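Peer 1: PDB, C-alpha atoms and all ligand atoms, saved as entry.pdb, coming up:
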ATOM      1  CA  MET A  16      -6.877  17.257   1.100
ATOM      2  CA  ARG A  17      -3.579  15.452   1.724
ATOM      3  CA  PHE A  18      -1.286  13.561  -0.648
ATOM      4  CA  GLY A  19       1.326  10.906   0.122
ATOM      5  CA  LEU A  20       3.853   9.134  -2.054
ATOM      6  CA  GLY A  21       5.114   5.630  -1.319
ATOM      7  CA  PHE A  22       7.737   3.394  -2.889
ATOM      8  CA  ASP A  23       8.937  -0.132  -2.144
ATOM      9  CA  ILE A  24      11.234  -2.673  -3.752
ATOM     10  CA  HIS A  25      12.020  -6.295  -2.890
ATOM     11  CA  ARG A  26      14.417  -8.829  -4.350
ATOM     12  CA  LEU A  27      12.826 -11.836  -6.047
ATOM     13  CA  VAL A  28      14.159 -15.337  -5.367
ATOM     14  CA  PRO A  29      12.992 -18.783  -6.481
ATOM     15  CA  GLY A  30      10.611 -20.708  -4.249
ATOM     16  CA  ARG A  31       8.962 -17.830  -2.365
ATOM     17  CA  PRO A  32       5.214 -17.132  -2.757
ATOM     18  CA  PHE A  33       4.592 -14.031  -4.858
ATOM     19  CA  VAL A  34       2.254 -11.852  -2.814
ATOM     20  CA  LEU A  35       1.021  -8.612  -4.358
ATOM     21  CA  GLY A  36      -1.880  -6.499  -3.151
ATOM     22  CA  GLY A  37      -2.651  -9.305  -0.719
ATOM     23  CA  LEU A  38      -3.178 -11.761  -3.607
ATOM     24  CA  THR A  39      -0.874 -14.670  -4.383
ATOM     25  CA  LEU A  40       0.231 -14.728  -8.032
ATOM     26  CA  ALA A  41       1.549 -17.742  -9.929
ATOM     27  CA  CYS A  42       5.265 -17.051 -10.291
ATOM     28  CA  PRO A  43       8.363 -19.248  -9.889
ATOM     29  CA  ARG A  44       9.985 -16.431  -7.868
ATOM     30  CA  GLY A  45       8.749 -14.431  -4.931
ATOM     31  CA  PRO A  46       9.854 -11.417  -2.893
ATOM     32  CA  VAL A  47      12.313 -11.790  -0.014
ATOM     33  CA  GLY A  48      11.439  -9.760   3.031
ATOM     34  CA  HIS A  49      11.116  -9.584   6.790
ATOM     35  CA  SER A  50       7.351  -9.798   6.130
ATOM     36  CA  ASP A  51       5.547 -11.088   3.034
ATOM     37  CA  GLY A  52       7.388  -8.643   0.730
ATOM     38  CA  ASP A  53       4.147  -7.255  -0.702
ATOM     39  CA  VAL A  54       5.585  -4.172  -2.443
ATOM     40  CA  LEU A  55       2.179  -2.808  -3.457
ATOM     41  CA  LEU A  56       0.793  -2.799   0.073
ATOM     42  CA  HIS A  57       4.080  -1.659   1.643
ATOM     43  CA  ALA A  58       4.282   1.316  -0.745
ATOM     44  CA  LEU A  59       0.607   2.006  -0.018
ATOM     45  CA  VAL A  60       1.263   2.086   3.735
ATOM     46  CA  ASP A  61       4.144   4.537   3.189
ATOM     47  CA  ALA A  62       1.862   6.701   1.040
ATOM     48  CA  LEU A  63      -0.886   6.667   3.681
ATOM     49  CA  TYR A  64       1.458   7.533   6.546
ATOM     50  CA  GLY A  65       3.240  10.109   4.390
ATOM     51  CA  ALA A  66      -0.031  11.859   3.571
ATOM     52  CA  ALA A  67      -0.916  11.939   7.254
ATOM     53  CA  GLY A  68       2.535  13.274   8.200
ATOM     54  CA  LEU A  69       3.163  10.165  10.295
ATOM     55  CA  GLY A  70       6.538   8.989   8.988
ATOM     56  CA  ASP A  71       6.995   5.664   7.225
ATOM     57  CA  ILE A  72       6.237   1.964   7.474
ATOM     58  CA  GLY A  73       9.585   1.306   9.166
ATOM     59  CA  ASP A  74       8.803   3.801  11.940
ATOM     60  CA  ARG A  75       5.458   2.147  12.672
ATOM     61  CA  PHE A  76       6.447  -1.499  12.115
ATOM     62  CA  PRO A  77      10.231  -1.739  12.730
ATOM     63  CA  ASP A  78      11.834  -4.868  11.258
ATOM     64  CA  THR A  79      13.807  -5.233  14.506
ATOM     65  CA  ASP A  80      10.523  -6.054  16.276
ATOM     66  CA  PRO A  81       9.686  -9.802  16.083
ATOM     67  CA  ARG A  82       5.958  -8.921  16.245
ATOM     68  CA  TRP A  83       6.099  -7.876  12.577
ATOM     69  CA  LYS A  84       8.065 -10.872  11.259
ATOM     70  CA  GLY A  85       6.147 -12.628   8.500
ATOM     71  CA  VAL A  86       3.159 -10.312   8.919
ATOM     72  CA  ALA A  87       0.962  -9.845   5.838
ATOM     73  CA  GLY A  88       0.904  -6.433   4.145
ATOM     74  CA  LYS A  89      -2.867  -6.411   4.713
ATOM     75  CA  VAL A  90      -2.275  -6.196   8.473
ATOM     76  CA  PHE A  91      -0.089  -3.098   8.005
ATOM     77  CA  VAL A  92      -2.726  -1.482   5.776
ATOM     78  CA  ALA A  93      -5.493  -2.207   8.298
ATOM     79  CA  GLN A  94      -3.400  -0.636  11.082
ATOM     80  CA  ALA A  95      -2.543   2.388   8.915
ATOM     81  CA  VAL A  96      -6.265   2.949   8.193
ATOM     82  CA  LYS A  97      -6.946   2.810  11.959
ATOM     83  CA  ASP A  98      -4.081   5.228  12.706
ATOM     84  CA  LEU A  99      -5.474   7.642  10.110
ATOM     85  CA  ALA A 100      -9.028   7.327  11.435
ATOM     86  CA  ALA A 101      -7.775   8.213  14.913
ATOM     87  CA  ARG A 102      -6.657  11.529  13.393
ATOM     88  CA  GLY A 103      -9.909  12.137  11.527
ATOM     89  CA  LEU A 104      -8.457  11.103   8.148
ATOM     90  CA  LYS A 105      -9.442   8.455   5.628
ATOM     91  CA  PRO A 106      -8.181   7.252   2.227
ATOM     92  CA  ALA A 107     -10.014   8.902  -0.682
ATOM     93  CA  GLN A 108      -8.068   7.716  -3.747
ATOM     94  CA  VAL A 109      -5.068   5.577  -4.691
ATOM     95  CA  ASP A 110      -3.038   5.470  -7.889
ATOM     96  CA  ALA A 111      -0.348   2.789  -8.077
ATOM     97  CA  THR A 112       2.243   1.447 -10.508
ATOM     98  CA  VAL A 113       3.891  -1.953 -10.137
ATOM     99  CA  PHE A 114       7.281  -2.458 -11.818
ATOM    100  CA  LEU A 115       7.615  -6.106 -12.735
ATOM    101  CA  GLU A 116       9.197  -7.845 -15.712
ATOM    102  CA  ALA A 117       7.252 -11.131 -15.397
ATOM    103  CA  PRO A 118       4.622 -12.384 -15.044
ATOM    104  CA  LYS A 119       2.732  -9.709 -16.965
ATOM    105  CA  LEU A 120       0.030  -8.396 -14.621
ATOM    106  CA  GLY A 121      -2.327  -7.606 -17.527
ATOM    107  CA  VAL A 122      -5.665  -9.202 -16.722
ATOM    108  CA  ARG A 123      -5.031  -9.165 -12.983
ATOM    109  CA  LYS A 124      -4.703  -5.364 -12.687
ATOM    110  CA  PRO A 125      -8.450  -4.793 -12.051
ATOM    111  CA  GLU A 126      -8.398  -7.636  -9.527
ATOM    112  CA  LEU A 127      -5.447  -6.027  -7.723
ATOM    113  CA  ALA A 128      -7.212  -2.643  -7.733
ATOM    114  CA  ALA A 129     -10.383  -4.247  -6.346
ATOM    115  CA  ALA A 130      -8.364  -5.959  -3.600
ATOM    116  CA  VAL A 131      -6.747  -2.639  -2.581
ATOM    117  CA  ALA A 132     -10.122  -0.836  -2.741
ATOM    118  CA  LYS A 133     -11.606  -3.457  -0.421
ATOM    119  CA  LEU A 134      -8.781  -3.063   2.108
ATOM    120  CA  LEU A 135      -9.361   0.701   2.156
ATOM    121  CA  ASP A 136     -13.175   0.479   2.067
ATOM    122  CA  LEU A 137     -13.224   2.537  -1.143
ATOM    123  CA  PRO A 138     -15.328   2.213  -4.315
ATOM    124  CA  GLU A 139     -13.340   0.373  -7.003
ATOM    125  CA  ASP A 140     -13.178   3.444  -9.257
ATOM    126  CA  ARG A 141     -11.098   5.231  -6.602
ATOM    127  CA  VAL A 142      -8.197   2.805  -6.982
ATOM    128  CA  CYS A 143      -6.057   2.270 -10.062
ATOM    129  CA  VAL A 144      -3.244  -0.292 -10.349
ATOM    130  CA  LYS A 145      -1.008   0.036 -13.391
ATOM    131  CA  ALA A 146       1.911  -2.155 -14.456
ATOM    132  CA  LYS A 147       5.215  -1.398 -16.140
ATOM    133  CA  THR A 148       8.120  -3.504 -17.291
ATOM    134  CA  MET A 149      11.570  -1.934 -17.193
ATOM    135  CA  GLU A 150      12.512  -2.872 -20.768
ATOM    136  CA  GLY A 151      15.153  -5.269 -19.467
ATOM    137  CA  LEU A 152      17.007  -2.533 -17.575
ATOM    138  CA  GLY A 153      18.560  -3.034 -14.147
ATOM    139  CA  ALA A 154      17.475  -5.516 -11.465
ATOM    140  CA  LEU A 155      13.788  -4.879 -12.166
ATOM    141  CA  GLY A 156      14.312  -5.492 -15.855
ATOM    142  CA  ALA A 157      16.291  -8.663 -15.162
ATOM    143  CA  GLY A 158      13.328 -10.001 -13.179
ATOM    144  CA  THR A 159      15.297 -10.209  -9.924
ATOM    145  CA  ALA A 160      13.264  -7.507  -8.172
ATOM    146  CA  VAL A 161       9.742  -6.104  -7.991
ATOM    147  CA  ALA A 162       8.855  -2.528  -7.040
ATOM    148  CA  ALA A 163       5.779  -0.369  -6.576
ATOM    149  CA  GLN A 164       5.064   3.326  -6.474
ATOM    150  CA  VAL A 165       1.836   4.557  -4.889
ATOM    151  CA  LEU A 166       0.117   7.919  -4.590
ATOM    152  CA  ALA A 167      -2.527   8.127  -1.868
ATOM    153  CA  VAL A 168      -5.012  10.937  -1.376
ATOM    154  CA  LEU A 169      -6.640  11.348   2.007
ATOM    155  CA  GLY A 170      -9.874  13.065   2.850
ATOM    156  CA  ARG A 171     -11.303  13.923   6.192
ATOM    157  CA  GLY A 172     -12.862  11.027   8.105
ATOM    158  CA  ARG A 173     -16.239  10.987   9.788
ATOM    159  CA  ALA A 174     -14.969  12.199  13.149
ATOM    160  CA  ALA A 175     -13.252  15.247  11.640
ATOM    161  CA  ARG A 176     -16.243  16.132   9.441
ATOM    162  CA  LYS A 177     -18.578  15.942  12.424
ATOM    163  CA  ALA A 178     -16.258  18.152  14.428
ATOM    164  CA  SER A 179     -16.132  20.800  11.690
ATOM    165  CA  LYS A 180     -19.951  20.834  11.415
ATOM    166  CA  ALA A 181     -20.444  21.198  15.155
ATOM    167  CA  PRO A 182     -21.617  24.661  16.136
ATOM    168  CA  ARG A 183     -18.794  26.825  17.403
ATOM    169  CA  LYS A 184     -18.827  27.771  21.037
ATOM    170  CA  ARG A 185     -18.981  31.500  21.602
TER     171      ARG A 185
HETATM  172 MG    MG B   1       8.659  -3.837   1.798
END
Let's see the structure in the file written out as structure tokens.

Peer 2:
Amino acid sequence: MRFGLGFDIHRLVPGRPFVLGGLTLACPRGPVGHSDGDVLLHALVDALYGAAGLGDIGDRFPDTDPRWKGVAGKVFVAQAVKDLAARGLKPAQVDATVFLEAPKLGVRKPELAAAVAKLLDLPEDRVCVKAKTMEGLGALGAGTAVAAQVLAVLGRGRAARKASKAPRKR
């Protein structure tokens, strides 16, 4: 079993769409970023690559490369899942916390978890998305930033399991 920890933070400015977990939330502000600024999915990608020992999101999708400009977080997650599968690994569980002062994520937390579960092809009970406010402290508390922290657990993918069950050559 492998564990990876991811973190991401983006500034929030008026007039940008607020994309989180691939969903668009109603919010007068949205994250600024080279891509869609989806902190939940960016932290998830870091957690996935970290667990696989493959570096971070910036190594795989450098912001100096125009190919990744404006690209949705979902695309990064899909590529990370493929990169893991190529190494016989697959996501097994995700636990995430989003730090956001407003809007309150409340009722949308299960929807966010379901969206992440779908991207990773996991049952919904293997993904948890929690939300925290920062009690008015710092940039997050002032509502001028959003952040996410994600723990990802990887198991062995089909290819690796098959390989380990194959009879050993003598
Ligand atoms: Mg980011």

Peer 1: Go through the shown structure with the PyMOL selection byres (((chain A and resi 155) around 10) and not hetatm) and write out the matching residues as a PyMOL selection string.

Peer 2: chain A and resi 24-27+114-117+148-154+156-162

Peer 1: Rounded to one decimal, what separation in Å do you get between atom CA of Arg17 of chain A and atom CA of Val109 of chain A?

Peer 2: 11.9 Å

Peer 1: Give as a list in words the residues surrounding ligand MG 1 (chain B) up to a distance of 6 Å, considering only C-alpha atoms and all ligand atoms.

Peer 2: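 Going residue by residue within 6 Å of ligand MG 1 (chain B), we get Asp23, Gly52, Val54 and His57 of chain A.
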
Peer 1: Let me know the residues the PyMOL selection byres (((chain A and resi 33) around 12) and not hetatm) catches in the file above, as number ranges by chain.

Peer 2: A: 25-32, 34-48, 51-55, 115, 117-118, 160-161

Peer 1: Find the spatial neighbours of Ala100 of chain A, counting all atoms listed in the file, within a cut-off of 9 Å - ignore same-chain residues fewer than 3 positions away - and output them as a list in words.

Peer 2: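 Once the adjacent positions are removed, what remains is Ala95, Val96, Lys97, Gly103, Leu104, Lys105, Arg171, Gly172, Arg173, Ala174 and Ala175 of chain A.
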
Peer 1: Using the chain letters and numbers from the file, give me the residues hit by the PyMOL selection byres (((chain A and resi 76) around 12) and not hetatm), as a ChimeraX atom specification.

Peer 2: /A:49-50,57,60-61,64,70-75,77-88,90-92,94-95

Peer 1: Which value, in Å to one decimal, gives the distance between atom CA of Val165 of chain A and atom CA of Gln108 of chain A?

Peer 2: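 So the two atoms, atom CA of Val165 of chain A and atom CA of Gln108 of chain A, lie 10.5 Å apart.
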
Peer 1: Taking all atoms listed in the file into account, which of A:Leu120, A:Val131, A:Gly170, A:Ala62 comes nearest Arg102 of chain A?

Peer 2: A:Gly170

Peer 1: By how many Å are atom CA of Lys145 of chain A and atom CA of Ala111 of chain A apart?

Peer 2: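 Atom-to-atom, atom CA of Lys145 of chain A to atom CA of Ala111 of chain A, that is 6.0 Å.
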
Peer 1: Let me make sure I understand: among A:Leu56, A:Ala93, A:Ala107, A:Leu63, which one has the smallest atom-to-atom distance to Val144 of chain A if we use only C-alpha atoms?

Peer 2: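 Smallest distance to Val144 of chain A is found for A:Leu56.
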
Peer 1: Go through A:Val142, A:Phe22, A:Ala67, A:Leu169 and flag the residue nearest Pro125 of chain A, using all atoms listed in the file for the distances.

Peer 2: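 The closest residue to Pro125 of chain A is A:Val142.
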
Peer 1: Find the spatial neighbours of Ala66 of chain A, counting only C-alpha atoms, within a cut-off of 8 Å - ignore same-chain residues fewer than 5 positions away - and output them as a list of chain:residue names.

Peer 2: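 Those residues are A:Arg17, A:Phe18, A:Gly19, A:Leu20, A:Ala167, A:Val168, A:Leu169.
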
Peer 1: Hey, which of A:Gly65, A:Val122, A:Pro106, A:Gln164 ends up closest to Asp136 of chain A? Count all atoms listed in the file.

Peer 2: A:Pro106
